[in-house]
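Trainee: First, the structure itself, so that you have it in front of you.
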Amino acid sequence: MNNSIKRIGVFTSGGDAPGMNACIRAVVRTAIYEGKKVSGILHGYQGMIDGNIIDMNSRSVSNILQLGGTILKTARCLDFRTPEGRKKAYDNITAQGIDALVAIGGDGTFTGAEVFSREYDIPVVGVPGTIDNDLYGSDFTLGYDTANNTVIDAIDKIRDTAASHDRLFFIEVMGRDSGCIALNCGIAGGAEAILLPEKETGIDELIQKLENAAKDKKTSTIVIVAEGDKNGGAYNVAKRVQEKFDFYDAKVTILGHLQRGGSPSSFDRVLASRLGFGAVKRLLRGETRIMVGLRGNDIVTTPLEVALRSKEFKLADDMIEMMNVLAI
């Protein structure tokens, strides 16, 4: 055990994700069990710069396991991108006795943590908390499963009304750079077409799919559009398709931030607990600048700089092929 660590600071940053609270709970209680003190940093990196830091104990995290969002709040922080901002953050956390950090968030969070740790030689372990599931080194990120369940529930409900009115629905889901939610939920929801940032699907190709669906006498059609699709989002896609199909009654639904909210699923609660527990254990073993993640059924570690290489993360080829096969 690394006895030089006396107080661990935990914070959430970037977009919130269901399961963050369960992870905070695991970090706090594991650290206390190991004889360490814990501080909660409110509003992420902005809280470091503002000195918005609180002491936490075991009761601080009672009855939060089932809550969506994050009790520590989150914020974007441009000041942390500057050396002056990071120096102020370091002065504030060291004044509070914090000598190690657990950062819960996505790629922006990890980028800041990696730079900060190198500049000031402060141990840091990252926990992947983002509904986009787009970090290399973990099969699943916190909130992804819950977001999927939320989207699938919405698709099922929209399918009911689409079938009743013989309508074509375009459903836009989150995923500026990653099509994980769109692909997974499109397959689970029986979508006739899925538009992804990673795969350029032209309007002509989409129209051909819709023509084939019409010829097969499909009475309702669902098209899932990731927000980062190259065609410009669901409204733009719907407009261009409507110009070709005047007989379709096309509707658009943007699910938006609905996908981030809600009580975390059982899977996300357990994953969050395992990753929070693992993050503290790794810190106390002297490991730093790593991300804890799930591979298969094992908690593994990946260097932060590797986890941030989005080019190494890609959608499963069989899923890409399957989305076309199962939509006929």
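For the structure tokens, the naming scheme is as follows: chains receive sequential letters (A, B, ...) according to their order of presentation, residues are indexed from 1 within each chain, and ligands are indexed from 1 in presentation order.
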Residues at most 12 Å from Met56 of chain A, counting only C-alpha atoms, excluding those fewer than 4 positions away in the same chain, as a compact mmCIF listing (two decimals) with N, CA, C and O atoms, in the first residue's frame?
Mentor:
```
# COMPACT_ATOMS: atom_id res chain seq x y z
N ARG A 7 -4.92 11.73 1.69
CA ARG A 7 -6.26 12.20 1.34
C ARG A 7 -6.48 12.12 -0.17
O ARG A 7 -5.68 12.65 -0.94
N ILE A 8 -7.56 11.48 -0.56
CA ILE A 8 -7.90 11.33 -1.97
C ILE A 8 -9.01 12.31 -2.33
O ILE A 8 -10.01 12.42 -1.62
N GLY A 9 -8.82 13.03 -3.42
CA GLY A 9 -9.86 13.91 -3.92
C GLY A 9 -10.61 13.21 -5.05
O GLY A 9 -9.99 12.59 -5.92
N VAL A 10 -11.93 13.28 -5.04
CA VAL A 10 -12.74 12.67 -6.09
C VAL A 10 -13.60 13.74 -6.73
O VAL A 10 -14.12 14.63 -6.06
N PHE A 11 -13.72 13.69 -8.07
CA PHE A 11 -14.54 14.68 -8.76
C PHE A 11 -15.12 14.08 -10.03
O PHE A 11 -14.62 13.08 -10.56
N ILE A 24 -18.84 7.43 -7.01
CA ILE A 24 -18.40 8.31 -5.92
C ILE A 24 -18.51 7.57 -4.59
O ILE A 24 -17.60 7.60 -3.75
N ARG A 25 -19.63 6.91 -4.40
CA ARG A 25 -19.87 6.13 -3.17
C ARG A 25 -18.78 5.08 -2.96
O ARG A 25 -18.24 4.93 -1.85
N VAL A 27 -15.72 5.02 -4.25
CA VAL A 27 -14.42 5.67 -4.00
C VAL A 27 -14.32 6.11 -2.55
O VAL A 27 -13.33 5.82 -1.85
N VAL A 28 -15.36 6.79 -2.06
CA VAL A 28 -15.34 7.32 -0.70
C VAL A 28 -15.23 6.19 0.32
O VAL A 28 -14.38 6.22 1.22
N ARG A 29 -16.05 5.18 0.19
CA ARG A 29 -16.08 4.12 1.21
C ARG A 29 -14.86 3.21 1.13
O ARG A 29 -14.37 2.74 2.17
N ALA A 31 -11.82 4.20 0.17
CA ALA A 31 -10.72 4.98 0.74
C ALA A 31 -10.79 5.00 2.27
O ALA A 31 -9.77 4.83 2.95
N ILE A 32 -11.99 5.21 2.80
CA ILE A 32 -12.16 5.25 4.25
C ILE A 32 -11.82 3.89 4.86
O ILE A 32 -11.16 3.80 5.90
N LYS A 36 -7.86 6.08 4.65
CA LYS A 36 -7.55 7.35 4.02
C LYS A 36 -8.70 8.34 4.18
O LYS A 36 -9.85 7.95 4.35
N LYS A 37 -8.39 9.62 4.10
CA LYS A 37 -9.42 10.66 4.13
C LYS A 37 -9.84 10.98 2.70
O LYS A 37 -9.10 10.73 1.74
N VAL A 38 -11.03 11.54 2.57
CA VAL A 38 -11.57 11.82 1.23
C VAL A 38 -12.15 13.22 1.17
O VAL A 38 -12.83 13.68 2.09
N SER A 39 -11.87 13.90 0.06
CA SER A 39 -12.48 15.19 -0.23
C SER A 39 -13.25 15.10 -1.53
O SER A 39 -12.80 14.47 -2.49
N GLY A 40 -14.42 15.73 -1.55
CA GLY A 40 -15.19 15.83 -2.77
C GLY A 40 -14.96 17.20 -3.39
O GLY A 40 -15.07 18.23 -2.71
N ILE A 41 -14.61 17.22 -4.67
CA ILE A 41 -14.37 18.48 -5.38
C ILE A 41 -15.61 18.78 -6.21
O ILE A 41 -15.97 18.00 -7.11
N LEU A 42 -16.29 19.87 -5.89
CA LEU A 42 -17.54 20.21 -6.56
C LEU A 42 -17.29 20.90 -7.90
O LEU A 42 -16.38 21.71 -8.03
N SER A 60 -21.73 10.64 3.89
CA SER A 60 -21.89 11.62 2.80
C SER A 60 -22.44 10.98 1.54
O SER A 60 -23.00 11.66 0.67
N VAL A 61 -22.25 9.66 1.42
CA VAL A 61 -22.65 8.97 0.20
C VAL A 61 -23.77 7.95 0.46
O VAL A 61 -23.99 7.04 -0.32
N SER A 62 -24.48 8.14 1.56
CA SER A 62 -25.63 7.27 1.85
C SER A 62 -26.78 7.59 0.89
O SER A 62 -27.01 8.76 0.55
N ILE A 71 -23.83 13.99 -7.47
CA ILE A 71 -23.98 14.84 -6.28
C ILE A 71 -22.83 15.85 -6.18
O ILE A 71 -22.96 16.87 -5.50
N LEU A 72 -21.71 15.56 -6.85
CA LEU A 72 -20.57 16.48 -6.83
C LEU A 72 -20.67 17.55 -7.92
O LEU A 72 -19.81 18.42 -8.01
```
Trainee: Which residues are close to Ala238 of chain A, i.e. within 9 Å by only C-alpha atoms, leaving aside same-chain residues fewer than 3 positions away? Reply as a list in words.
Mentor: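 So, after excluding close chain neighbours, the residues are Phe169, Phe170, Gly233, Ala234, Tyr235, Val241, Gln242, Glu243, Ala250, Lys251 and Val252 of chain A.
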Trainee: So, with only C-alpha atoms as the atoms that count, which of A:Ala272, A:Ala147, A:Ile98, A:Ala214 lies closest to Ala182 of chain A?
Mentor: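 Selected residue with least distance to Ala182 of chain A: A:Ala147.
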Trainee: Return the single residue from A:Ser263, A:Pro128, A:Ala100, A:Met319 that is closest to Ile64 of chain A, with distances computed using only C-alpha atoms.
Mentor: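 Going through A:Ser263, A:Pro128, A:Ala100, A:Met319 one by one, the smallest distance to Ile64 of chain A is for A:Ser263.
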Trainee: Which one of A:Phe245, A:Phe116, A:Phe110, A:Phe277 sits closest to Ile290 of chain A if you count only C-alpha atoms?
Mentor: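 Ranking A:Phe245, A:Phe116, A:Phe110, A:Phe277 by distance to Ile290 of chain A, first place goes to A:Phe110.
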Trainee: Which residue is closest to Gln259 of chain A? Choose from A:Gly108, A:Thr12, A:Met174, A:Asn297 and count only C-alpha atoms.
Mentor: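 So, comparing all the options, the nearest one is A:Met174.
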Trainee: Identify all residues of segment 42-282 of chain A in alpha helix (DSSP H) (DSSP on the backbone) and supply them as JSON, numbers by chain.
Mentor: {"A": [44, 45, 46, 47, 48, 49, 50, 83, 84, 85, 86, 87, 88, 89, 90, 91, 92, 93, 94, 95, 107, 108, 109, 110, 111, 112, 113, 114, 115, 116, 117, 118, 119, 120, 144, 145, 146, 147, 148, 149, 150, 151, 152, 153, 154, 155, 156, 157, 158, 159, 160, 161, 162, 163, 164, 165, 180, 181, 182, 183, 184, 185, 186, 187, 188, 203, 204, 205, 206, 207, 208, 209, 210, 211, 212, 213, 214, 215, 234, 235, 236, 237, 238, 239, 240, 241, 242, 243, 244, 266, 267, 268, 269, 270, 271, 272, 273, 274, 275, 276, 277, 278, 279, 280, 281, 282]}
Trainee: Which residue is closest to Gln46 of chain A? Choose from A:Ile131, A:Ala75, A:Leu206, A:Ile187 and count only C-alpha atoms.
Mentor: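 The answer is A:Ala75, which sits nearest to Gln46 of chain A.
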Trainee: So, with only C-alpha atoms as the atoms that count, which of A:Ala193, A:Val173, A:Ala103, A:Cys185 lies closest to Ala226 of chain A?
Mentor: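 Closest residue, counting only C-alpha atoms: A:Val173.
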Trainee: I'd like the interatomic distance between atom CA of Asp132 of chain A and atom CA of Asn148 of chain A, to a tenth of an Å.
Mentor: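 Atom-to-atom, atom CA of Asp132 of chain A to atom CA of Asn148 of chain A, that is 9.9 Å.
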Trainee: Write out as a list of chain:residue names which residues come within 7 Å of segment 198-205 of chain A when counting only C-alpha atoms, dropping same-chain ones fewer than 4 positions away.
Mentor: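 Selected residues are A:Gly179, A:Lys209, A:Lys230.
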Trainee: Identify, on the basis of only C-alpha atoms, every residue whose closest approach to Asp298 of chain A does not exceed 12 Å; exclude the query and any residue fewer than 6 positions from it along the same chain; express the result as a PyMOL selection string.
Mentor: chain A and resi 137-140+271+274-275+278+292
Trainee: Apply DSSP to the backbone of this structure and, from segment 81-180 of chain A, keep only the residues in strand (DSSP E); write these as a list in words.
Mentor: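 So, restricting segment 81-180 of chain A to strand (DSSP E), we get Ala100, Leu101, Val102, Ala103, Ile104, Gly105, Val124, Val125, Gly126, Val127, Pro128, Leu168, Phe169, Phe170, Ile171, Glu172 and Val173 of chain A.
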